[in-house]
Structures are given as structure tokens and as C-alpha cells.
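Pasting final29.cif here (mmCIF, C-alpha atoms and all ligand atoms):
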```cif
data_coords
loop_
_atom_site.group_PDB
_atom_site.id
_atom_site.type_symbol
_atom_site.label_atom_id
_atom_site.label_comp_id
_atom_site.auth_asym_id
_atom_site.auth_seq_id
_atom_site.Cartn_x
_atom_site.Cartn_y
_atom_site.Cartn_z
ATOM 1 C CA MET A 257 135.966 97.762 101.549
ATOM 2 C CA ASN A 258 137.578 100.927 102.874
ATOM 3 C CA PHE A 259 141.047 101.001 104.373
ATOM 4 C CA LEU A 260 139.909 101.106 108.023
ATOM 5 C CA ASN A 261 137.623 98.116 107.516
ATOM 6 C CA ARG A 262 140.497 96.198 105.948
ATOM 7 C CA ILE A 263 142.601 97.076 108.987
ATOM 8 C CA ARG A 264 139.820 95.921 111.326
ATOM 9 C CA GLN A 265 139.949 92.504 109.715
ATOM 10 C CA ARG A 266 143.570 91.992 110.748
ATOM 11 C CA LYS A 267 144.060 89.351 113.363
ATOM 12 C CA THR A 268 145.632 90.801 116.448
ATOM 13 C CA PHE A 269 144.831 93.870 118.472
ATOM 14 C CA LYS A 270 148.490 94.918 118.352
ATOM 15 C CA GLU A 271 148.685 94.488 114.602
ATOM 16 C CA HIS A 272 145.487 96.500 114.175
ATOM 17 C CA ASN A 273 146.857 99.303 116.327
ATOM 18 C CA LYS A 274 150.227 99.354 114.587
ATOM 19 C CA VAL A 275 148.694 99.664 111.097
ATOM 20 C CA THR A 276 146.163 102.260 112.278
ATOM 21 C CA MET A 277 148.939 104.231 113.996
ATOM 22 C CA ASP A 278 150.958 104.311 110.759
ATOM 23 C CA LEU A 279 147.896 105.479 108.833
ATOM 24 C CA ILE A 280 147.102 108.164 111.409
ATOM 25 C CA ARG A 281 150.706 109.334 111.528
ATOM 26 C CA SER A 282 150.704 109.806 107.762
ATOM 27 C CA ARG A 283 147.921 112.441 108.069
ATOM 28 C CA PRO A 284 147.786 115.772 109.938
ATOM 29 C CA LEU A 285 147.622 114.957 113.648
ATOM 30 C CA PRO A 286 145.692 116.885 116.265
ATOM 31 C CA ARG A 287 148.323 118.963 118.009
ATOM 32 C CA HIS A 288 146.351 119.013 121.245
ATOM 33 C CA VAL A 289 143.940 116.314 122.462
ATOM 34 C CA SER A 290 141.867 116.823 125.611
ATOM 35 C CA ILE A 291 139.924 114.091 127.391
ATOM 36 C CA ILE A 292 137.005 113.973 129.827
ATOM 37 C CA MET A 293 137.627 110.543 131.332
ATOM 38 C CA ASP A 294 134.080 109.782 132.419
ATOM 39 C CA GLY A 295 132.417 106.614 133.672
ATOM 40 C CA ASN A 296 134.835 105.205 136.265
ATOM 41 C CA GLY A 297 132.128 105.018 138.918
ATOM 42 C CA ARG A 298 129.531 103.422 136.637
ATOM 43 C CA TRP A 299 132.098 100.924 135.344
ATOM 44 C CA ALA A 300 132.748 99.778 138.904
ATOM 45 C CA GLU A 301 129.078 99.746 139.903
ATOM 46 C CA ARG A 302 128.236 97.644 136.846
ATOM 47 C CA LYS A 303 130.743 95.083 138.091
ATOM 48 C CA GLY A 304 129.503 95.260 141.691
ATOM 49 C CA LEU A 305 132.782 96.880 142.817
ATOM 50 C CA PRO A 306 133.422 100.011 144.894
ATOM 51 C CA ARG A 307 133.730 103.212 142.829
ATOM 52 C CA ALA A 308 137.412 103.459 143.764
ATOM 53 C CA ALA A 309 138.042 100.260 141.772
ATOM 54 C CA GLY A 310 136.816 102.137 138.691
ATOM 55 C CA HIS A 311 139.219 104.994 139.372
ATOM 56 C CA ARG A 312 142.071 102.514 139.799
ATOM 57 C CA GLN A 313 141.334 100.909 136.444
ATOM 58 C CA GLY A 314 140.963 104.419 135.014
ATOM 59 C CA VAL A 315 144.530 105.241 136.020
ATOM 60 C CA GLU A 316 145.788 102.236 134.020
ATOM 61 C CA LYS A 317 144.049 103.716 130.990
ATOM 62 C CA ILE A 318 145.753 107.058 131.562
ATOM 63 C CA ARG A 319 149.075 105.228 131.347
ATOM 64 C CA GLU A 320 148.059 103.524 128.082
ATOM 65 C CA ILE A 321 146.777 106.711 126.440
ATOM 66 C CA ILE A 322 149.815 108.771 127.448
ATOM 67 C CA LYS A 323 152.049 106.110 125.884
ATOM 68 C CA ALA A 324 150.011 106.017 122.658
ATOM 69 C CA SER A 325 149.957 109.839 122.459
ATOM 70 C CA ALA A 326 153.745 109.988 122.781
ATOM 71 C CA GLU A 327 154.175 107.273 120.142
ATOM 72 C CA LEU A 328 151.874 109.101 117.737
ATOM 73 C CA GLY A 329 153.728 112.366 118.198
ATOM 74 C CA ILE A 330 150.876 114.356 119.738
ATOM 75 C CA GLN A 331 152.263 117.481 121.393
ATOM 76 C CA TYR A 332 149.707 118.220 124.132
ATOM 77 C CA LEU A 333 147.349 115.924 126.020
ATOM 78 C CA THR A 334 145.009 117.479 128.601
ATOM 79 C CA LEU A 335 143.303 115.139 131.073
ATOM 80 C CA TYR A 336 140.350 116.168 133.249
ATOM 81 C CA ALA A 337 141.326 114.425 136.490
ATOM 82 C CA PHE A 338 139.508 116.428 139.188
ATOM 83 C CA SER A 339 137.067 119.301 138.773
ATOM 84 C CA THR A 340 136.160 122.117 141.159
ATOM 85 C CA GLU A 341 132.767 120.363 141.433
ATOM 86 C CA ASN A 342 134.265 116.979 142.355
ATOM 87 C CA TRP A 343 134.668 118.170 145.992
ATOM 88 C CA LYS A 344 130.939 117.435 146.321
ATOM 89 C CA ARG A 345 131.718 113.682 146.225
ATOM 90 C CA PRO A 346 131.872 111.557 149.384
ATOM 91 C CA LYS A 347 135.080 112.167 151.382
ATOM 92 C CA GLU A 348 136.161 108.547 150.932
ATOM 93 C CA GLU A 349 135.985 108.800 147.151
ATOM 94 C CA ILE A 350 137.977 112.056 147.107
ATOM 95 C CA LYS A 351 140.578 110.406 149.316
ATOM 96 C CA ALA A 352 140.776 107.426 146.969
ATOM 97 C CA ILE A 353 141.248 109.666 143.902
ATOM 98 C CA MET A 354 144.010 111.676 145.609
ATOM 99 C CA SER A 355 145.775 108.487 146.767
ATOM 100 C CA LEU A 356 145.640 107.076 143.246
ATOM 101 C CA LEU A 357 147.124 110.270 141.870
ATOM 102 C CA VAL A 358 149.995 110.118 144.375
ATOM 103 C CA GLU A 359 150.520 106.404 143.740
ATOM 104 C CA TYR A 360 150.536 106.952 139.976
ATOM 105 C CA LEU A 361 153.071 109.782 140.116
ATOM 106 C CA ARG A 362 155.354 107.862 142.486
ATOM 107 C CA ARG A 363 155.236 104.799 140.268
ATOM 108 C CA GLU A 364 155.430 106.471 136.854
ATOM 109 C CA LEU A 365 157.525 109.607 137.258
ATOM 110 C CA ASP A 366 160.845 107.984 136.290
ATOM 111 C CA GLU A 367 159.404 106.421 133.192
ATOM 112 C CA LEU A 368 157.575 109.595 132.166
ATOM 113 C CA HIS A 369 160.828 111.503 132.581
ATOM 114 C CA ARG A 370 162.852 108.900 130.629
ATOM 115 C CA ASN A 371 160.353 109.279 127.797
ATOM 116 C CA ASN A 372 160.872 113.048 127.704
ATOM 117 C CA ILE A 373 157.277 113.708 128.838
ATOM 118 C CA LYS A 374 156.535 117.016 130.523
ATOM 119 C CA ILE A 375 153.940 117.153 133.309
ATOM 120 C CA VAL A 376 152.033 120.382 133.827
ATOM 121 C CA THR A 377 148.863 121.078 135.813
ATOM 122 C CA ILE A 378 145.967 123.393 135.140
ATOM 123 C CA GLY A 379 143.668 124.401 137.995
ATOM 124 C CA ASN A 380 144.128 125.516 141.546
ATOM 125 C CA ILE A 381 146.484 122.860 142.912
ATOM 126 C CA ALA A 382 147.349 124.848 146.062
ATOM 127 C CA SER A 383 144.146 123.636 147.726
ATOM 128 C CA LEU A 384 144.763 119.941 147.086
ATOM 129 C CA PRO A 385 145.802 117.739 150.022
ATOM 130 C CA GLU A 386 149.439 118.449 150.909
ATOM 131 C CA ILE A 387 150.753 115.032 149.927
ATOM 132 C CA ALA A 388 149.178 115.303 146.473
ATOM 133 C CA TYR A 389 150.422 118.871 146.083
ATOM 134 C CA GLU A 390 153.998 117.863 146.922
ATOM 135 C CA GLU A 391 154.042 114.883 144.577
ATOM 136 C CA ILE A 392 152.652 117.021 141.754
ATOM 137 C CA GLN A 393 155.237 119.743 142.338
ATOM 138 C CA LYS A 394 157.959 117.117 142.233
ATOM 139 C CA SER A 395 156.668 115.787 138.889
ATOM 140 C CA ILE A 396 156.397 119.291 137.434
ATOM 141 C CA ASN A 397 159.916 120.211 138.553
ATOM 142 C CA THR A 398 161.502 116.945 137.439
ATOM 143 C CA THR A 399 160.018 117.097 133.955
ATOM 144 C CA SER A 400 160.071 120.866 133.373
ATOM 145 C CA ALA A 401 162.877 120.786 130.772
ATOM 146 C CA ASN A 402 161.430 117.863 128.796
ATOM 147 C CA THR A 403 160.544 118.548 125.182
ATOM 148 C CA GLY A 404 158.309 115.606 124.216
ATOM 149 C CA LEU A 405 154.596 115.146 124.871
ATOM 150 C CA GLN A 406 153.232 117.683 127.375
ATOM 151 C CA VAL A 407 150.573 116.215 129.657
ATOM 152 C CA ASN A 408 148.370 118.863 131.246
ATOM 153 C CA VAL A 409 146.596 117.382 134.236
ATOM 154 C CA ALA A 410 143.467 119.343 135.142
ATOM 155 C CA LEU A 411 143.255 119.227 138.929
ATOM 156 C CA ASN A 412 140.814 121.236 140.990
ATOM 157 C CA TYR A 413 139.980 122.722 137.611
ATOM 158 C CA GLY A 414 136.848 124.609 136.584
ATOM 159 C CA GLY A 415 136.434 126.447 133.278
ATOM 160 C CA ARG A 416 134.317 129.240 134.760
ATOM 161 C CA LEU A 417 136.701 129.725 137.673
ATOM 162 C CA GLU A 418 139.564 129.875 135.169
ATOM 163 C CA ILE A 419 137.828 132.680 133.245
ATOM 164 C CA VAL A 420 136.961 134.542 136.477
ATOM 165 C CA THR A 421 140.590 134.241 137.630
ATOM 166 C CA ALA A 422 141.789 135.641 134.290
ATOM 167 C CA ILE A 423 139.313 138.557 134.498
ATOM 168 C CA ARG A 424 140.532 139.391 138.012
ATOM 169 C CA GLU A 425 144.174 139.323 136.918
ATOM 170 C CA ILE A 426 143.521 141.455 133.828
ATOM 171 C CA SER A 427 141.474 143.935 135.908
ATOM 172 C CA ARG A 428 144.265 144.154 138.454
ATOM 173 C CA LYS A 429 146.734 144.993 135.668
ATOM 174 C CA VAL A 430 144.389 147.642 134.254
ATOM 175 C CA ALA A 431 143.940 149.164 137.727
ATOM 176 C CA ASN A 432 147.753 149.279 138.143
ATOM 177 C CA ASN A 433 148.192 150.852 134.700
ATOM 178 C CA GLU A 434 150.120 147.802 133.500
ATOM 179 C CA LEU A 435 147.496 147.360 130.754
ATOM 180 C CA ASN A 436 145.052 149.569 128.855
ATOM 181 C CA ILE A 437 141.483 148.428 128.260
ATOM 182 C CA SER A 438 142.236 148.613 124.523
ATOM 183 C CA ASP A 439 144.982 145.973 125.025
ATOM 184 C CA ILE A 440 142.338 143.394 125.954
ATOM 185 C CA ASP A 441 141.738 141.074 123.040
ATOM 186 C CA GLU A 442 141.184 137.341 122.529
ATOM 187 C CA ASP A 443 144.893 136.504 122.657
ATOM 188 C CA LEU A 444 145.402 138.467 125.858
ATOM 189 C CA VAL A 445 142.506 136.651 127.539
ATOM 190 C CA SER A 446 143.881 133.298 126.286
ATOM 191 C CA ASN A 447 147.260 134.081 127.746
ATOM 192 C CA HIS A 448 145.744 134.762 131.171
ATOM 193 C CA LEU A 449 144.074 131.351 131.349
ATOM 194 C CA TYR A 450 145.770 128.409 133.091
ATOM 195 C CA THR A 451 146.523 127.177 129.570
ATOM 196 C CA GLY A 452 148.326 130.392 128.538
ATOM 197 C CA GLY A 453 150.874 129.552 125.836
ATOM 198 C CA ILE A 454 149.263 126.176 125.031
ATOM 199 C CA PRO A 455 147.383 125.957 121.706
ATOM 200 C CA ASP A 456 143.622 125.316 121.964
ATOM 201 C CA PRO A 457 142.602 121.645 121.815
ATOM 202 C CA ASP A 458 141.942 120.334 118.321
ATOM 203 C CA LEU A 459 139.993 117.363 119.648
ATOM 204 C CA LEU A 460 137.983 116.781 122.826
ATOM 205 C CA ILE A 461 137.134 113.177 123.684
ATOM 206 C CA ARG A 462 134.521 112.259 126.279
ATOM 207 C CA THR A 463 133.814 108.688 127.306
ATOM 208 C CA GLY A 464 130.760 107.463 129.215
ATOM 209 C CA GLY A 465 128.023 108.575 126.814
ATOM 210 C CA ASP A 466 127.129 112.016 128.210
ATOM 211 C CA LYS A 467 127.178 114.738 125.590
ATOM 212 C CA ARG A 468 128.260 117.754 127.581
ATOM 213 C CA VAL A 469 131.488 119.596 128.367
ATOM 214 C CA SER A 470 131.114 119.816 132.176
ATOM 215 C CA ASN A 471 132.950 123.104 132.762
ATOM 216 C CA PHE A 472 136.064 121.908 130.921
ATOM 217 C CA LEU A 473 138.207 124.339 128.874
ATOM 218 C CA LEU A 474 135.183 126.528 128.139
ATOM 219 C CA TYR A 475 137.098 129.342 126.440
ATOM 220 C CA GLN A 476 139.569 127.079 124.664
ATOM 221 C CA ILE A 477 137.128 124.699 122.933
ATOM 222 C CA ALA A 478 135.397 127.328 120.770
ATOM 223 C CA TYR A 479 136.475 125.501 117.581
ATOM 224 C CA THR A 480 137.490 122.142 119.003
ATOM 225 C CA GLU A 481 136.138 119.001 117.351
ATOM 226 C CA LEU A 482 134.087 116.967 119.836
ATOM 227 C CA TRP A 483 134.056 113.171 119.996
ATOM 228 C CA PHE A 484 131.633 111.453 122.371
ATOM 229 C CA SER A 485 131.723 107.732 122.972
ATOM 230 C CA ASP A 486 128.523 105.754 123.152
ATOM 231 C CA ALA A 487 126.988 105.149 126.569
ATOM 232 C CA THR A 488 128.451 101.674 126.983
ATOM 233 C CA LEU A 489 132.065 102.829 126.769
ATOM 234 C CA TYR A 490 133.282 103.910 130.200
ATOM 235 C CA TRP A 491 136.784 105.294 130.658
ATOM 236 C CA PRO A 492 138.207 102.092 132.251
ATOM 237 C CA ASP A 493 137.282 100.226 129.033
ATOM 238 C CA PHE A 494 138.699 102.887 126.702
ATOM 239 C CA ASN A 495 141.737 101.540 124.882
ATOM 240 C CA VAL A 496 144.237 102.496 122.206
ATOM 241 C CA LYS A 497 141.947 101.183 119.487
ATOM 242 C CA HIS A 498 139.151 103.533 120.607
ATOM 243 C CA TYR A 499 141.656 106.380 120.849
ATOM 244 C CA LEU A 500 142.916 105.768 117.322
ATOM 245 C CA ASN A 501 139.331 105.600 116.041
ATOM 246 C CA ALA A 502 138.583 108.987 117.615
ATOM 247 C CA ILE A 503 141.679 110.524 116.032
ATOM 248 C CA TYR A 504 140.916 108.911 112.679
ATOM 249 C CA ASP A 505 137.409 110.357 112.891
ATOM 250 C CA PHE A 506 138.918 113.781 113.658
ATOM 251 C CA GLN A 507 141.193 113.479 110.624
ATOM 252 C CA ASN A 508 138.164 112.990 108.398
ATOM 253 C CA ARG A 509 136.366 116.116 109.522
ATOM 254 C CA GLN A 510 136.420 119.418 107.728
ATOM 255 C CA ARG A 511 137.234 122.336 110.014
ATOM 256 C CA ARG A 512 135.866 125.612 108.723
ATOM 257 C CA TYR A 513 136.195 127.890 111.768
ATOM 258 C CA GLY A 514 133.047 129.723 110.674
ATOM 259 C CA GLY A 515 134.383 130.262 107.145
ATOM 260 C CA VAL A 516 133.845 128.379 103.893
ATOM 261 C CA ILE A 517 136.116 125.936 102.143
ATOM 262 C CA GLU A 518 137.036 126.965 98.596
ATOM 263 C CA LYS A 519 136.558 124.329 95.881
ATOM 264 C CA GLY A 520 139.698 122.181 95.551
ATOM 265 C CA GLU A 521 140.885 123.209 99.014
ATOM 266 C CA ASN A 522 140.991 120.670 101.816
HETATM 267 C C1 LIG B 601 135.302 110.259 136.149
HETATM 268 O O1 LIG B 601 134.499 109.136 136.448
HETATM 269 C C2 LIG B 601 136.622 110.193 136.807
HETATM 270 C C3 LIG B 601 137.071 111.033 137.787
HETATM 271 C C4 LIG B 601 136.235 112.154 138.272
HETATM 272 C C5 LIG B 601 138.373 110.879 138.459
HETATM 273 C C6 LIG B 601 139.533 110.481 137.549
HETATM 274 C C7 LIG B 601 140.808 110.734 138.245
HETATM 275 C C8 LIG B 601 141.661 109.804 138.668
HETATM 276 C C9 LIG B 601 141.448 108.354 138.437
HETATM 277 C C10 LIG B 601 142.870 110.255 139.460
HETATM 278 C C11 LIG B 601 144.164 109.938 138.838
HETATM 279 C C12 LIG B 601 144.621 110.956 137.900
HETATM 280 C C13 LIG B 601 145.837 110.910 137.279
HETATM 281 C C14 LIG B 601 146.198 111.994 136.325
HETATM 282 C C15 LIG B 601 146.829 109.842 137.497
HETATM 283 P P1 LIG B 601 133.209 109.313 137.381
HETATM 284 O O2 LIG B 601 133.578 108.956 138.771
HETATM 285 O O3 LIG B 601 132.629 110.670 137.196
HETATM 286 O O4 LIG B 601 132.272 108.205 136.765
HETATM 287 P P2 LIG B 601 130.689 108.199 136.770
HETATM 288 O O5 LIG B 601 130.251 109.269 135.811
HETATM 289 O O6 LIG B 601 130.379 106.831 136.275
HETATM 290 O O7 LIG B 601 130.216 108.428 138.178
#
```

Output the structure of this file as C-alpha cells.
Amino acid sequence: MNFLNRIRQRKTFKEHNKVTMDLIRSRPLPRHVSIIMDGNGRWAERKGLPRAAGHRQGVEKIREIIKASAELGIQYLTLYAFSTENWKRPKEEIKAIMSLLVEYLRRELDELHRNNIKIVTIGNIASLPEIAYEEIQKSINTTSANTGLQVNVALNYGGRLEIVTAIREISRKVANNELNISDIDEDLVSNHLYTGGIPDPDLLIRTGGDKRVSNFLLYQIAYTELWFSDATLYWPDFNVKHYLNAIYDFQNRQRRYGGVIEKGEN
């Protein structure tokens, strides 16, 4: 019986998680984990509840996964909270998502700050409703000097828009003679994305069963390891055990970045 199976046989959920956490911590951790938290709506519909109830339960999971990430020692966690395409949803649902975001930040900011967690956003937050914008700014400002886990919340985020915005900014600099065309390389483009200065994700997790990346971190995930849940696991049911399984799976993959692994090398 392998080690993980032995762990699975342990009695309590907490005990399982503790042993798995120790095992995972003893191996190279992903520095940056990104998550597409999909399936809130379907989770609610399956239970005969309004979609907003799924988002509410989803927020509780965000809390749990942030806590586990900080305990593990992960440096960056990027959460896809609201995409540039999500504006197509019914007004009521958008309102519910924004209210939950505000409620979450009001409720959790002190604790996030006490735990040395830094909140950052990626995306165009200026066009969010004013109340959400203000609460986000407050969280960013309050936690800006923190040195623990950095949580990047993707809000009004689109990967294509991010690349277009970077191209515009680089072109503007070339036109103003601040840059030469020959200065444009992969690092320069990276540094003009919303995620400039943040290492690319090592692991991308998507719940809900769909195997696509939905306009998320398109440039950054070139060599990211992808982990898709099966179709029955919606984000509101995702828990620390699933998270640890995804990271454990990541730790057992061989990353070659297009190269080859020499014999004896790992
Ligand atoms: C995906 O499920 C979830 C979302 C688009 C919204 C998630 C965002 C929040 C709950 C806001 C709070 C954010 C923070 C950072 C506190 P879905 O609605 O696409 O599910 P479906 O695929 O089943 O329809």
C-alpha cells in the first residue's frame, strides 16, 4: 500500500489533512497556485437553491483554501473571481457576486492582515461597482506591506484583454522612444501584464469538470501543470483534502519545459 493510501485510511478528516500537509511540505511546493473556481451555479441548482447560494458557499471555500495555502507555505494564490465575460450574467447574479465580495472583505480583512496575507488584484477593477472598488482598495492598502501569502484576486479579468493592454502600453513606450523594438522580449511582455513581477503559476486547478482555461492567465500558463476535477466536484464542495490531492499530484509530475530529463536527474 503506498503512503497516500495509508494516509487515506486514517480515521479523521483533520488527521488525514495534517499528515498529508506534512508530507506535501517535505517536498518541493508549487510557488504559485491558480484556481478557476467553477461550478457554484450548478452546485446550487442541483440543490434546488438560487445560484447566489452557490456563490455564498463558494466564498466559504475561498476562506478555507487561503488558510490551507498559508499553512503550507505557498507564496502566491491566484483566484479567478470575476471575468470580463461574467458581465453577460443576469444583473441580479452580478449584484450578488459583488455583494459577497464586499461582505467577505469586510468580514475577513482583519484576520487576513493578522496572518500577514497580502491582497492584490489583477484585472480592470476601476469599472467595478464603486462600493466593491472601495473595499478592494482598502484591502490592498491595508495589506500592502505584508510578506506572507499573496492572494491575487482576478476581478474583471480577461487574459486576452490583459495581453492587448500590455501591447498598447509597450507600443506607447516605443512611440515615445522609451523603448526600442529590440528591447521587446518574453520578460518585457511578462512585466507588462497585470501579473508583472509575479512568477508564472506552477499549478492551475479547475473544479466543475470542464477542461478549458476560459481566458485565464493565457500568457502565464505556458508551462503550468493543469489539474481538472471530475464533473461531480463543484467549487462549493472543494475542500482541503481535494486541494492537498491536487498538490500531491503536481509533486509527482515531471516538468520538462520542452527539454529532456537526463538519466539520474529528477
Ligand atoms: C464560478 O461558478 C464562480 C464565479 C463566476 C464567481 C465566484 C466569485 C465569488 C463567489 C465572489 C467572491 C470572491 C472573493 C474573492 C471573496 P459559476 O457560476 O460559473 O458556476 P456554473 O459553471 O455552475 O454556472

(request) Pick out the closest residue to ligand LIG 601 (chain B) from this set: A:Ser339, A:Asn296, A:Ser446, A:Thr421. Count all atoms listed in the file. (result) A:Asn296

(request) To one decimal in Å, tell me the separation between CA of Ile517 in chain A and CA of Ile454 in chain A. (result)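 Answer for the CA of Ile517 in chain A to CA of Ile454 in chain A separation: 26.4 Å.
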
(message) Can you measure CA of Glu359 in chain A to CA of Glu316 in chain A for me? One decimal in Å is fine.
(response)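 Answer for the CA of Glu359 in chain A to CA of Glu316 in chain A separation: 11.6 Å.
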
I'd like a table as a Markdown table: residues in chain A with an atom no more than 6 Å from ligand LIG 601 (chain B), each row giving the shortest atom pair and its distance in Å to one decimal, all atoms listed in the file counted, sorted by chain and rising residue number.
```
| residue | atom | partner | partner_atom | distance |
| --- | --- | --- | --- | --- |
| A:Met293 | CA | B:LIG601 | C1 | 5.4 |
| A:Asp294 | CA | B:LIG601 | C1 | 4.0 |
| A:Gly295 | CA | B:LIG601 | O6 | 3.3 |
| A:Asn296 | CA | B:LIG601 | O1 | 3.9 |
| A:Gly297 | CA | B:LIG601 | O6 | 3.7 |
| A:Arg298 | CA | B:LIG601 | O6 | 3.5 |
| A:His311 | CA | B:LIG601 | C9 | 4.1 |
| A:Gly314 | CA | B:LIG601 | C9 | 5.2 |
| A:Val315 | CA | B:LIG601 | C9 | 5.0 |
| A:Ala337 | CA | B:LIG601 | C7 | 4.1 |
| A:Phe338 | CA | B:LIG601 | C4 | 5.5 |
| A:Ile353 | CA | B:LIG601 | C10 | 4.8 |
| A:Leu356 | CA | B:LIG601 | C11 | 5.5 |
| A:Leu357 | CA | B:LIG601 | C11 | 4.3 |
| A:Tyr360 | CA | B:LIG601 | C15 | 5.3 |
| A:Val409 | CA | B:LIG601 | C14 | 5.8 |
```

(message) My list of candidates is A:Glu386, A:Glu341, A:Asp439, A:Asp486. Which is closest to Met354 in chain A when distances are computed with only C-alpha atoms?
(response)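 Counting only C-alpha atoms, the residue closest to Met354 in chain A is A:Glu386.
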
(request) Check the smallest atom-to-atom distance from each of A:Leu384, A:Val420, A:Ala410, A:Ala326 to Leu473 in chain A using only C-alpha atoms, then report the winner. (result)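 Between A:Leu384, A:Val420, A:Ala410, A:Ala326, the residue approaching Leu473 in chain A most closely is A:Ala410.
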
(request) Might you pull out every residue within 12 Å of range 387-394 of chain A, with only C-alpha atoms counted and same-chain residues fewer than 6 positions away left off, and present them as number ranges by chain? (result) A: 350-366, 369, 374-381, 400, 408-412

(request) Enumerate, as a list in words, the residues matched when the PyMOL selection byres (((chain A and resi 504) around 12) and not hetatm) is run on the file above. (result)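 Given this file, the PyMOL selection byres (((chain A and resi 504) around 12) and not hetatm) evaluates to Phe259, Leu260, Asn273, Thr276, Met277, Asp278, Leu279, Ile280, Arg281, Ser282, Arg283, Pro284, Leu285, Pro286, Leu459, Trp483, Val496, Lys497, His498, Tyr499, Leu500, Asn501, Ala502, Ile503, Asp505, Phe506, Gln507, Asn508 and Arg509 of chain A.
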
(message) Evaluate the PyMOL selection byres (((chain A and resi 287) around 9) and not hetatm) against this structure - the residues, as a ChimeraX atom specification, please.
(response) /A:284-286,288-289,329-333,455-459

(request) With the file shown as input, list the residues that the PyMOL selection byres (((chain A and resi 463) around 7) and not hetatm) selects, as a PyMOL selection string. (result) chain A and resi 292-295+461-462+464-465+484-485+489-491

Selection above as a file: C-alpha atoms, as a PDB file, keeping the file's coordinate frame:
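The file below, part_10.pdb, is the result:
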```pdb
ATOM      1  CA  ILE A 292     137.005 113.973 129.827  1.00  0.00           C
ATOM      2  CA  MET A 293     137.627 110.543 131.332  1.00  0.00           C
ATOM      3  CA  ASP A 294     134.080 109.782 132.419  1.00  0.00           C
ATOM      4  CA  GLY A 295     132.417 106.614 133.672  1.00  0.00           C
ATOM      5  CA  ILE A 461     137.134 113.177 123.684  1.00  0.00           C
ATOM      6  CA  ARG A 462     134.521 112.259 126.279  1.00  0.00           C
ATOM      7  CA  GLY A 464     130.760 107.463 129.215  1.00  0.00           C
ATOM      8  CA  GLY A 465     128.023 108.575 126.814  1.00  0.00           C
ATOM      9  CA  PHE A 484     131.633 111.453 122.371  1.00  0.00           C
ATOM     10  CA  SER A 485     131.723 107.732 122.972  1.00  0.00           C
ATOM     11  CA  LEU A 489     132.065 102.829 126.769  1.00  0.00           C
ATOM     12  CA  TYR A 490     133.282 103.910 130.200  1.00  0.00           C
ATOM     13  CA  TRP A 491     136.784 105.294 130.658  1.00  0.00           C
TER      14      TRP A 491
END
```

(message) Around the point (161.7, 120.2, 128.4) (coordinates from the file), which residues reach within 10 Å if we count all atoms listed in the file? Answer as JSON, numbers by chain.
(response) {"A": [369, 372, 373, 374, 375, 398, 399, 400, 401, 402, 403, 404, 405, 406]}

(request) Choose the residue, out of A:Ser383, A:Ser290, A:Asn447, A:Asn433, that has the smallest atom-to-atom separation from Glu418 in chain A; count only C-alpha atoms. (result) A:Asn447
